[in-house]
>>> print(open('input_23.txt').read())   # compact mmCIF, C-alpha atoms
# COMPACT_ATOMS: atom_id res chain seq x y z
CA MET M 1 -3.08 11.00 -1.02
CA LYS M 2 -2.66 8.27 -3.57
CA SER M 3 -0.46 6.59 -0.95
CA PHE M 4 -3.63 6.13 1.11
CA TYR M 5 -5.30 4.40 -1.80
CA ARG M 6 -2.27 2.14 -2.26
CA LEU M 7 -2.39 1.22 1.42
CA LEU M 8 -6.06 0.27 1.18
CA LEU M 9 -5.37 -1.84 -1.87
CA SER M 10 -2.42 -3.51 -0.17
CA LEU M 11 -4.47 -4.24 2.94
CA SER M 12 -7.15 -5.80 0.75
CA GLY M 13 -4.75 -8.19 -0.97
CA TYR M 14 -4.78 -11.93 -0.32
CA SER M 15 -1.60 -11.98 1.70
CA ILE M 16 -1.55 -9.00 4.03
CA PHE M 17 -4.44 -9.80 6.37
CA PRO M 18 -3.15 -13.22 7.45
CA LEU M 19 0.04 -11.55 8.63
CA LEU M 20 -1.83 -9.56 11.24
CA HIS M 21 -4.02 -12.20 12.81
CA SER M 22 -3.55 -13.41 16.38
CA ILE M 23 -5.19 -15.43 19.08
CA PHE M 24 -6.38 -12.22 20.73
CA ALA M 25 -10.08 -12.96 20.57
CA VAL M 26 -11.66 -10.72 23.18
CA SER M 27 -14.61 -8.84 21.75
CA PRO M 28 -13.99 -5.10 21.68
CA SER M 29 -16.36 -2.77 23.48
CA LEU M 30 -16.11 -0.40 20.52
CA ALA M 31 -16.01 -0.78 16.77
CA ALA M 32 -14.68 1.74 14.28
CA GLU M 33 -17.32 4.14 13.07
CA ASN M 34 -14.92 6.44 11.24
CA VAL M 35 -11.68 6.17 9.30
CA VAL M 36 -9.53 9.28 9.63
CA VAL M 37 -6.95 9.90 6.91
CA ARG M 38 -4.08 12.03 8.21
CA TYR M 39 -1.37 13.55 6.02
CA GLY M 40 0.62 16.26 7.77
CA LEU M 41 -1.86 18.89 8.88
CA PHE M 42 -4.58 17.50 6.61
CA GLU M 43 -7.23 15.20 8.10
CA GLN M 44 -10.38 13.80 6.55
CA GLY M 45 -12.85 11.58 8.37
CA ILE M 46 -14.92 9.00 6.50
CA PRO M 47 -17.72 7.04 8.19
CA VAL M 48 -17.19 3.31 7.80
CA ALA M 49 -20.86 3.07 6.86
CA ASP M 50 -20.12 5.32 3.86
CA ILE M 51 -17.39 2.94 2.72
CA ARG M 52 -19.71 -0.06 3.01
CA ASN M 53 -22.46 1.78 1.14
CA TYR M 54 -19.98 2.64 -1.61
CA SER M 55 -18.89 -1.02 -1.76
CA GLU M 56 -22.46 -2.25 -2.13
CA THR M 57 -24.10 0.52 -4.19
CA GLN M 58 -21.19 2.63 -5.54
CA LYS M 59 -22.91 5.71 -4.09
CA VAL M 60 -20.35 8.22 -2.87
CA SER M 61 -20.85 10.39 0.19
CA ALA M 62 -19.42 13.90 0.38
CA ASN M 63 -16.70 12.82 2.83
CA LEU M 64 -15.66 9.85 0.71
CA GLN M 65 -15.67 12.02 -2.42
CA THR M 66 -12.91 14.13 -0.84
CA ILE M 67 -10.65 11.09 -1.09
CA LEU M 68 -11.98 9.50 -4.28
CA GLY M 69 -11.85 12.84 -6.07
CA ARG M 70 -8.06 12.60 -5.97
CA LEU M 71 -8.04 9.26 -7.79
CA SER M 72 -8.34 8.44 -11.47
CA ALA M 73 -11.25 6.40 -12.79
CA GLU M 74 -8.95 3.38 -13.01
CA GLU M 75 -7.81 3.81 -9.41
CA LYS M 76 -11.39 4.17 -8.21
CA GLN M 77 -12.23 0.87 -9.89
CA LYS M 78 -9.25 -0.78 -8.23
CA PHE M 79 -10.44 0.49 -4.87
CA GLN M 80 -13.95 -0.79 -5.55
CA ASP M 81 -12.48 -4.18 -6.52
CA ALA M 82 -10.38 -4.18 -3.34
CA LEU M 83 -13.49 -3.67 -1.23
CA GLN M 84 -14.96 -6.85 -2.70
CA VAL M 85 -12.07 -9.00 -1.46
CA LYS M 86 -13.25 -11.35 1.30
CA MET M 87 -11.13 -14.20 2.60
CA SER M 88 -12.09 -17.37 4.41
CA LEU M 89 -9.02 -18.18 6.48
CA ASP M 90 -7.87 -21.09 8.63
CA ILE M 91 -7.98 -19.64 12.15
CA VAL M 92 -5.75 -22.30 13.70
CA ALA M 93 -3.08 -21.74 11.04
CA LEU M 94 -3.26 -17.99 11.59
CA ASP M 95 -2.85 -18.43 15.34
CA LYS M 96 0.45 -20.15 14.70
CA LEU M 97 1.49 -17.81 11.93
CA VAL M 98 1.45 -14.63 13.98
CA ASN M 99 4.16 -15.97 16.26
CA THR M 100 6.69 -16.36 13.45
CA PRO M 101 9.43 -13.70 13.27
CA THR M 102 8.20 -12.49 9.89
CA GLY M 103 4.61 -12.27 11.11
CA LYS M 104 5.63 -10.15 14.07
CA GLN M 105 7.73 -7.92 11.82
CA ILE M 106 4.89 -7.22 9.41
CA LEU M 107 2.40 -6.68 12.22
CA SER M 108 4.79 -4.10 13.63
CA PHE M 109 5.12 -2.39 10.24
CA VAL M 110 1.35 -2.13 9.83
CA SER M 111 0.90 -0.76 13.33
CA GLN M 112 3.23 2.16 12.53
CA ALA M 113 0.71 3.49 10.03
CA ILE M 114 -2.07 3.66 12.63
CA ALA M 115 -2.13 6.45 15.20
CA ARG M 116 -3.48 5.64 18.67
CA ARG M 117 -3.08 7.65 21.84
CA ASP M 118 -2.92 4.52 24.00
CA LYS M 119 -0.17 2.97 21.82
CA ALA M 120 -2.12 -0.30 21.73
CA ASN M 121 -1.79 -0.53 17.95
CA ILE M 122 -0.75 -4.15 17.71
CA GLN M 123 -3.35 -5.36 20.19
CA ALA M 124 -6.07 -3.44 18.36
CA LEU M 125 -4.98 -4.86 15.00
CA ARG M 126 -5.03 -8.38 16.39
CA SER M 127 -8.52 -7.90 17.75
CA ALA M 128 -9.84 -6.48 14.46
CA ILE M 129 -8.24 -9.24 12.41
CA ILE M 130 -9.59 -12.14 14.45
CA LEU M 131 -13.09 -10.69 14.69
CA GLY M 132 -13.10 -9.77 11.02
CA ALA M 133 -11.93 -13.28 10.09
CA LYS M 134 -14.73 -14.79 12.16
CA SER M 135 -17.43 -12.71 10.47
CA SER M 136 -19.89 -14.39 8.14
CA GLU M 137 -18.41 -12.49 5.19
CA GLY M 138 -14.85 -13.54 5.94
CA LEU M 139 -11.93 -11.19 6.36
CA GLY M 140 -11.90 -8.13 4.13
CA LEU M 141 -11.21 -4.45 4.39
CA LEU M 142 -14.75 -3.68 5.56
CA THR M 143 -15.01 -6.44 8.14
CA PHE M 144 -11.61 -5.39 9.47
CA LEU M 145 -12.74 -1.76 9.81
CA GLU M 146 -16.03 -2.75 11.39
CA ALA M 147 -14.23 -4.87 13.98
CA TYR M 148 -11.49 -2.40 14.86
CA PRO M 149 -11.76 -1.71 18.64
CA SER M 150 -11.97 2.07 18.61
CA GLU M 151 -14.50 4.61 17.47
CA GLU M 152 -11.91 5.93 15.01
CA LEU M 153 -9.18 4.30 12.97
CA VAL M 154 -6.55 6.97 12.23
CA ILE M 155 -4.27 6.21 9.28
CA ASP M 156 -1.09 8.27 9.02
CA VAL M 157 -0.34 8.37 5.29
CA SER M 158 3.18 9.73 5.83
CA LYS M 159 4.21 6.48 7.54
CA ILE M 160 2.96 3.92 5.06
CA SER M 161 5.59 4.04 2.30
CA ARG M 162 7.56 1.20 3.86
CA LEU M 163 4.41 -0.88 4.17
CA VAL M 164 3.46 -0.34 0.53
CA GLY M 165 6.96 -1.27 -0.57
CA LEU M 166 6.81 -4.39 1.58
CA ALA M 167 3.64 -5.50 -0.23
CA ASP M 168 5.50 -5.89 -3.54
CA SER M 169 6.42 -9.51 -4.25
CA SER M 170 8.83 -8.79 -7.09
CA SER M 171 11.67 -6.34 -7.36
CA GLY M 172 12.72 -4.28 -10.33
CA SER M 173 13.26 -0.78 -11.61
CA ALA M 174 13.00 1.23 -14.77
CA ASP M 175 16.56 0.15 -15.63
CA ALA M 176 16.21 -3.53 -14.76
CA PRO M 177 13.35 -5.98 -15.27
CA PRO M 178 11.55 -7.34 -12.20
CA LYS M 179 12.73 -10.66 -10.84
CA ASP M 180 11.15 -13.48 -8.89
CA ASN M 181 11.77 -13.00 -5.17
CA VAL M 182 8.42 -14.35 -4.00
CA THR M 183 9.86 -16.81 -1.51
CA SER M 184 12.46 -14.38 -0.20
CA SER M 185 10.31 -11.26 0.27
CA PRO M 186 8.67 -10.76 3.70
CA LEU M 187 5.12 -11.06 2.36
CA GLY M 188 6.02 -14.00 0.16
CA LYS M 189 7.59 -15.80 3.10
CA ILE M 190 4.65 -15.23 5.39
CA ALA M 191 2.10 -16.21 2.73
CA LEU M 192 3.96 -19.46 2.11
CA GLN M 193 4.21 -20.10 5.85
CA TYR M 194 0.46 -19.66 6.12
CA GLN M 195 -0.06 -22.16 3.32
CA THR M 196 2.17 -24.77 4.93
CA LEU M 197 0.35 -24.41 8.24
CA ALA M 198 -3.12 -24.46 6.69
CA ALA M 199 -2.34 -27.45 4.44
CA GLN M 200 -0.61 -29.61 7.05
CA ASP M 201 -1.87 -33.22 6.74
CA LYS M 202 -4.88 -32.04 4.72
CA GLN M 203 -6.44 -33.73 1.68
CA PHE M 204 -8.01 -31.61 -1.05
CA SER M 205 -10.10 -32.56 -4.05
CA GLY M 206 -8.61 -29.68 -6.00
CA CYS M 207 -5.56 -27.43 -5.62
CA LEU M 208 -4.80 -24.29 -7.60
CA PHE M 209 -1.23 -23.10 -8.07
CA GLY M 210 -0.84 -19.73 -9.74
CA ASP M 211 0.18 -16.09 -9.57
CA SER M 212 -1.68 -12.93 -8.47
CA ILE M 213 -4.56 -13.55 -10.87
CA SER M 214 -5.25 -16.92 -9.24
CA ALA M 215 -4.60 -15.49 -5.78
CA GLY M 216 -7.26 -12.88 -6.50
CA LEU M 217 -9.91 -15.61 -6.37
CA GLY M 218 -9.29 -16.26 -2.69
CA ASN M 219 -10.89 -19.41 -1.30
CA THR M 220 -13.93 -19.34 -3.58
CA LEU M 221 -13.58 -22.70 -5.33
CA GLY M 222 -15.66 -24.62 -2.85
CA THR M 223 -15.26 -26.99 0.07
CA GLY M 224 -12.35 -29.37 -0.17
CA THR M 225 -10.23 -27.11 -2.38
CA PHE M 226 -7.24 -24.88 -1.65
CA ASN M 227 -5.93 -21.87 -3.53
CA PHE M 228 -2.13 -21.85 -3.33
CA GLY M 229 -1.87 -18.72 -5.50
CA LEU M 230 0.96 -16.31 -4.68
CA ASN M 231 1.51 -12.80 -5.96
CA GLY M 232 4.45 -12.64 -8.38
CA LEU M 233 4.72 -16.43 -8.79
CA SER M 234 6.72 -17.83 -11.72
CA THR M 235 7.88 -21.39 -12.34
CA ILE M 236 10.99 -20.58 -10.27
CA SER M 237 9.07 -19.81 -7.08
CA LEU M 238 6.47 -22.48 -7.92
CA LEU M 239 9.16 -25.13 -7.54
CA GLU M 240 10.27 -23.64 -4.23
CA GLN M 241 6.65 -23.51 -3.07
CA LEU M 242 6.01 -27.15 -3.95
CA LYS M 243 9.22 -28.33 -2.30
CA THR M 244 8.15 -26.48 0.85
CA LEU M 245 4.66 -28.00 0.79
CA ILE M 246 5.68 -31.63 0.22
CA PRO M 247 6.91 -32.20 3.80
CA THR M 248 3.51 -31.04 5.14
CA ASN M 249 1.98 -34.27 3.77
CA VAL M 250 -0.68 -32.29 1.90
CA LYS M 251 -2.56 -34.28 -0.75
CA CYS M 252 -4.29 -32.92 -3.87
CA GLU M 253 -6.46 -35.17 -6.02
CA LYS M 254 -6.54 -32.65 -8.89
CA ALA M 255 -3.90 -30.00 -9.46
CA ILE M 256 -4.32 -26.92 -11.64
CA ILE M 257 -1.18 -24.99 -12.61
CA ALA M 258 -1.74 -21.45 -13.91
CA VAL M 259 1.63 -19.79 -14.48
CA GLY M 260 3.60 -18.20 -17.29
CA GLY M 261 2.79 -14.50 -17.24
CA ASN M 262 5.48 -13.69 -14.70
CA ASP M 263 7.96 -16.00 -16.43
CA ALA M 264 7.47 -13.82 -19.50
CA LEU M 265 7.83 -10.66 -17.41
CA TYR M 266 10.98 -11.86 -15.62
CA GLY M 267 12.71 -12.83 -18.85
CA ILE M 268 12.95 -16.53 -18.06
CA SER M 269 14.29 -18.47 -21.03
CA ASP M 270 12.29 -21.01 -23.02
CA GLU M 271 14.51 -23.85 -21.85
CA LEU M 272 14.28 -22.95 -18.17
CA PHE M 273 10.53 -22.37 -18.31
CA SER M 274 9.86 -25.76 -19.93
CA LYS M 275 12.22 -27.54 -17.52
CA ASN M 276 10.65 -25.87 -14.48
CA LEU M 277 7.10 -26.58 -15.62
CA GLN M 278 7.85 -30.26 -16.18
CA GLU M 279 9.48 -30.49 -12.76
CA ALA M 280 6.45 -28.77 -11.18
CA ILE M 281 4.15 -31.32 -12.81
CA ALA M 282 6.27 -34.12 -11.38
CA LEU M 283 6.13 -32.54 -7.92
CA VAL M 284 2.34 -32.15 -7.87
CA ARG M 285 2.12 -35.79 -8.79
CA THR M 286 4.16 -36.64 -5.71
CA ILE M 287 1.50 -34.99 -3.55
CA GLY M 288 -1.14 -37.29 -4.94
CA ALA M 289 -2.42 -35.47 -8.03
CA LYS M 290 -4.10 -38.06 -10.24
CA GLU M 291 -5.05 -35.35 -12.73
CA VAL M 292 -3.04 -32.27 -13.66
CA PHE M 293 -4.39 -29.38 -15.73
CA LEU M 294 -2.54 -26.41 -17.19
CA ILE M 295 -4.07 -22.96 -17.68
CA PRO M 296 -2.58 -20.78 -20.44
CA ALA M 297 -0.58 -17.75 -19.32
CA PHE M 298 -2.79 -14.68 -19.07
CA TYR M 299 -2.59 -11.94 -21.68
CA SER M 300 -2.85 -8.23 -20.88
CA THR M 301 -4.34 -5.28 -22.74
CA VAL M 302 -2.42 -3.66 -25.59
CA GLU M 303 -1.49 -0.70 -23.37
CA ALA M 304 -0.27 -2.84 -20.47
CA SER M 305 1.59 -5.15 -22.81
CA SER M 306 3.51 -2.14 -24.12
CA ASP M 307 4.65 -1.08 -20.64
CA PRO M 308 7.43 -3.30 -19.23
CA THR M 309 6.76 -2.00 -15.72
CA VAL M 310 3.21 -3.40 -15.86
CA ALA M 311 3.19 -6.61 -17.89
CA ALA M 312 5.12 -8.73 -20.32
CA PRO M 313 4.63 -8.18 -24.07
CA ASN M 314 1.73 -10.26 -25.33
CA SER M 315 4.02 -11.60 -28.03
CA ARG M 316 6.19 -13.16 -25.32
CA VAL M 317 3.14 -14.50 -23.48
CA GLU M 318 2.09 -16.14 -26.73
CA GLN M 319 5.50 -17.83 -26.93
CA ILE M 320 5.14 -19.02 -23.33
CA ASN M 321 1.74 -20.48 -24.18
CA ALA M 322 3.26 -22.39 -27.08
CA LEU M 323 5.74 -23.87 -24.60
CA ILE M 324 2.89 -24.76 -22.23
CA ASN M 325 1.20 -26.66 -25.05
CA GLN M 326 4.45 -28.49 -25.83
CA VAL M 327 4.95 -29.52 -22.21
CA ALA M 328 1.31 -30.63 -21.99
CA GLN M 329 1.79 -32.88 -25.00
CA THR M 330 4.94 -34.36 -23.52
CA GLU M 331 3.31 -34.95 -20.15
CA LYS M 332 0.02 -36.06 -21.70
CA ILE M 333 -2.07 -33.61 -19.72
CA PRO M 334 -4.72 -31.13 -20.90
CA VAL M 335 -4.42 -27.37 -21.36
CA ALA M 336 -7.75 -25.90 -20.24
CA ALA M 337 -7.90 -22.97 -22.64
CA ALA M 338 -11.57 -22.91 -23.60
CA GLY M 339 -12.83 -21.72 -20.22
CA VAL M 340 -10.67 -18.58 -20.17
CA ALA M 341 -11.01 -17.82 -23.89
CA PRO M 342 -13.90 -15.33 -23.33
CA LEU M 343 -11.42 -13.05 -21.54
CA TYR M 344 -9.57 -12.33 -24.77
CA GLU M 345 -9.92 -11.10 -28.30
CA ASN M 346 -7.04 -11.99 -30.62
CA ASN M 347 -4.84 -12.85 -27.63
CA VAL M 348 -5.46 -9.49 -25.98
CA LEU M 349 -7.24 -9.04 -22.64
CA LYS M 350 -10.58 -7.29 -23.09
CA LYS M 351 -10.80 -4.00 -21.22
CA ASP M 352 -14.18 -4.98 -19.76
CA PHE M 353 -12.45 -7.60 -17.65
CA THR M 354 -9.62 -5.58 -16.11
CA SER M 355 -9.11 -2.42 -14.09
CA ASP M 356 -5.36 -2.08 -14.62
CA GLY M 357 -4.75 -3.79 -17.95
CA ASP M 358 -2.99 -6.77 -16.39
CA HIS M 359 -5.14 -8.23 -13.60
CA LEU M 360 -8.74 -9.41 -13.77
CA ASN M 361 -11.51 -7.34 -12.25
CA ALA M 362 -14.56 -8.85 -10.59
CA GLU M 363 -16.21 -9.73 -13.91
CA GLY M 364 -13.02 -11.26 -15.25
CA LEU M 365 -12.56 -13.31 -12.10
CA LYS M 366 -16.08 -14.68 -12.48
CA ILE M 367 -15.14 -16.13 -15.87
CA TYR M 368 -11.87 -17.55 -14.56
CA ARG M 369 -13.54 -19.02 -11.50
CA GLN M 370 -16.20 -20.71 -13.60
CA ALA M 371 -13.50 -22.26 -15.80
CA LEU M 372 -11.78 -23.67 -12.73
CA LEU M 373 -15.00 -25.00 -11.24
CA GLN M 374 -15.63 -26.93 -14.44
CA ILE M 375 -12.22 -28.54 -14.09
CA ILE M 376 -12.66 -29.35 -10.42
CA GLY M 377 -16.17 -30.67 -11.05
CA LYS M 378 -18.05 -28.33 -8.73
>>> encode(input="input_23.txt", output="structure tokens")
Amino acid sequence: MKSFYRLLLSLSGYSIFPLLHSIFAVSPSLAAENVVVRYGLFEQGIPVADIRNYSETQKVSANLQTILGRLSAEEKQKFQDALQVKMSLDIVALDKLVNTPTGKQILSFVSQAIARRDKANIQALRSAIILGAKSSEGLGLLTFLEAYPSEELVIDVSKISRLVGLADSSSGSADAPPKDNVTSSPLGKIALQYQTLAAQDKQFSGCLFGDSISAGLGNTLGTGTFNFGLNGLSTISLLEQLKTLIPTNVKCEKAIIAVGGNDALYGISDELFSKNLQEAIALVRTIGAKEVFLIPAFYSTVEASSDPTVAAPNSRVEQINALINQVAQTEKIPVAAAGVAPLYENNVLKKDFTSDGDHLNAEGLKIYRQALLQIIGK
């Protein structure tokens, strides 16, 4: 049953919803009133209204408790955080995106986890995505469910393992450290394709380049800004991302670079990290950045820092931050450390600001967002 939770969290991430969008914009005659979780012979129905009520008030209905009761307190918090994700997306860019080979592949994967008697899975997904994206809240798990064109949305848990695996942007195992494959993984490719389409010939007052922590902010930095955050991003994939964006003629007046945590996790050397970061700074200047700001690499909790499958050791993150300061001095640009300082105590992420020890929860993201708004001047 935890696979169901992982699916919900994956579907709530910044990069999965854009993959499913299409130009199918006919209003459905029905909207999902219930989500049915199916695992073998087991089925549990949950009214969508119960999920929304839980999102807004944290009150748990009896039906929802059947599912949440199988999750740990940490997993419940992650699910609650996932329900708060709402994305404002470029509809025109999404219309083009769905016709790419990778977009069609991922849409097909997602449809396999949804059981429908009429076999119209892909069409139904397209309808729910476009209508959810057009809602006043933006696209999120709840707006997707509320727009799904059927009275019930049946999720077959036994068929989602491939989808969950596809959502990972980095690869690794217990025997080998994760590596940066952001721009080669299916979700990484499609997220970058969306960015190139959405940024084509656009001018932004502020652009944010970062990893999953930055991506978690969505498009919440105000009009005229763009969040280029990608899950799993290190300086290696940052360079590939920037080289892909340059031909789009995108322009950024201010550029904020928030990387380093994944470089520490992937075992990237000091020399390569510094070289990559300096090259990234040069590249953002080629897209018009008159001001460039660096954000220190994010620390994790003591527990997460001690688990190589979750996060890099904080001692290594501290070394990466020393390199960031050195590069900033060389390039004569500021490191905006003061705004994110409240997240930490003695270079350790405070537990109040995380649900998994590595990523920021809603309260942590508020602090990070405010720090970025001060830089951008909003």
>>> atom_distance(input="input_23.txt", atom1="CA of Glu291 in chain M", atom2="CA of Leu323 in chain M")
19.7 Å
>>> residues_around(input="input_23.txt", residues="Ile246 in chain M", least_positions_apart="3", cutoff="9 Å", atoms="only C-alpha atoms", output="list of chain:residue names")
M:Gln241, M:Leu242, M:Lys243, M:Asn249, M:Val250, M:Lys251, M:Leu283, M:Val284, M:Thr286, M:Ile287
>>> residues_around(input="input_23.txt", residues="Ala258 in chain M", least_positions_apart="4", cutoff="7 Å", atoms="only C-alpha atoms", output="PyMOL selection string")
chain M and resi 209-210+294-297
>>> closest_residue(input="input_23.txt", among="M:Gly218, M:Tyr148, M:Gly138, M:Cys252", to="Asp201 in chain M", atoms="only C-alpha atoms")
M:Cys252
>>> atom_distance(input="input_23.txt", atom1="CA of Ile114 in chain M", atom2="CA of His359 in chain M")
29.0 Å
>>> atom_distance(input="input_23.txt", atom1="CA of Gln65 in chain M", atom2="CA of Glu363 in chain M")
24.6 Å
>>> residues_around(input="input_23.txt", residues="Gln58 in chain M", least_positions_apart="2", cutoff="12 Å", atoms="all atoms listed in the file", output="PyMOL selection string")
chain M and resi 50-56+60-61+64-65+68+76-77+79-81+83-84
>>> residues_near_point(input="input_23.txt", point="(-16.4, 13.5, 2.2)", cutoff="12 Å", atoms="only C-alpha atoms", output="PyMOL selection string")
chain M and resi 34-37+43-48+50-51+59-70
>>> residues_around(input="input_23.txt", residues="range 276-278 of chain M", least_positions_apart="3", cutoff="7 Å", atoms="all atoms listed in the file", output="PDB file with C-alpha atoms, in the frame of the given file")
ATOM      1  CA  THR M 235       7.880 -21.390 -12.340  1.00  0.00           C
ATOM      2  CA  ILE M 236      10.990 -20.580 -10.270  1.00  0.00           C
ATOM      3  CA  LEU M 272      14.280 -22.950 -18.170  1.00  0.00           C
ATOM      4  CA  PHE M 273      10.530 -22.370 -18.310  1.00  0.00           C
ATOM      5  CA  ILE M 281       4.150 -31.320 -12.810  1.00  0.00           C
ATOM      6  CA  ALA M 282       6.270 -34.120 -11.380  1.00  0.00           C
ATOM      7  CA  VAL M 327       4.950 -29.520 -22.210  1.00  0.00           C
TER       8      VAL M 327
END
>>> closest_residue(input="input_23.txt", among="M:Ala147, M:Ala73, M:Ala312, M:Val157", to="Lys134 in chain M", atoms="only C-alpha atoms")
M:Ala147
>>> closest_residue(input="input_23.txt", among="M:Ile268, M:Leu343, M:Ala191, M:Leu131", to="Ile367 in chain M", atoms="only C-alpha atoms")
M:Leu343
>>> residues_near_point(input="input_23.txt", point="(2.8, -27.2, 7.1)", cutoff="9 Å", atoms="only C-alpha atoms", output="JSON, numbers by chain")
{"M": [93, 193, 194, 195, 196, 197, 198, 199, 200, 201, 244, 245, 246, 247, 248, 249, 250]}
>>> residues_around(input="input_23.txt", residues="Phe298 in chain M", least_positions_apart="2", cutoff="8 Å", atoms="all atoms listed in the file", output="VMD selection string")
chain M and resid 260 to 261 296 300 317
>>> write_last_selection(input="input_23.txt", atoms="C-alpha atoms", output="PDB file, keeping the file's coordinate frame")
ATOM      1  CA  GLY M 260       3.600 -18.200 -17.290  1.00  0.00           C
ATOM      2  CA  GLY M 261       2.790 -14.500 -17.240  1.00  0.00           C
ATOM      3  CA  PRO M 296      -2.580 -20.780 -20.440  1.00  0.00           C
ATOM      4  CA  SER M 300      -2.850  -8.230 -20.880  1.00  0.00           C
ATOM      5  CA  VAL M 317       3.140 -14.500 -23.480  1.00  0.00           C
TER       6      VAL M 317
END
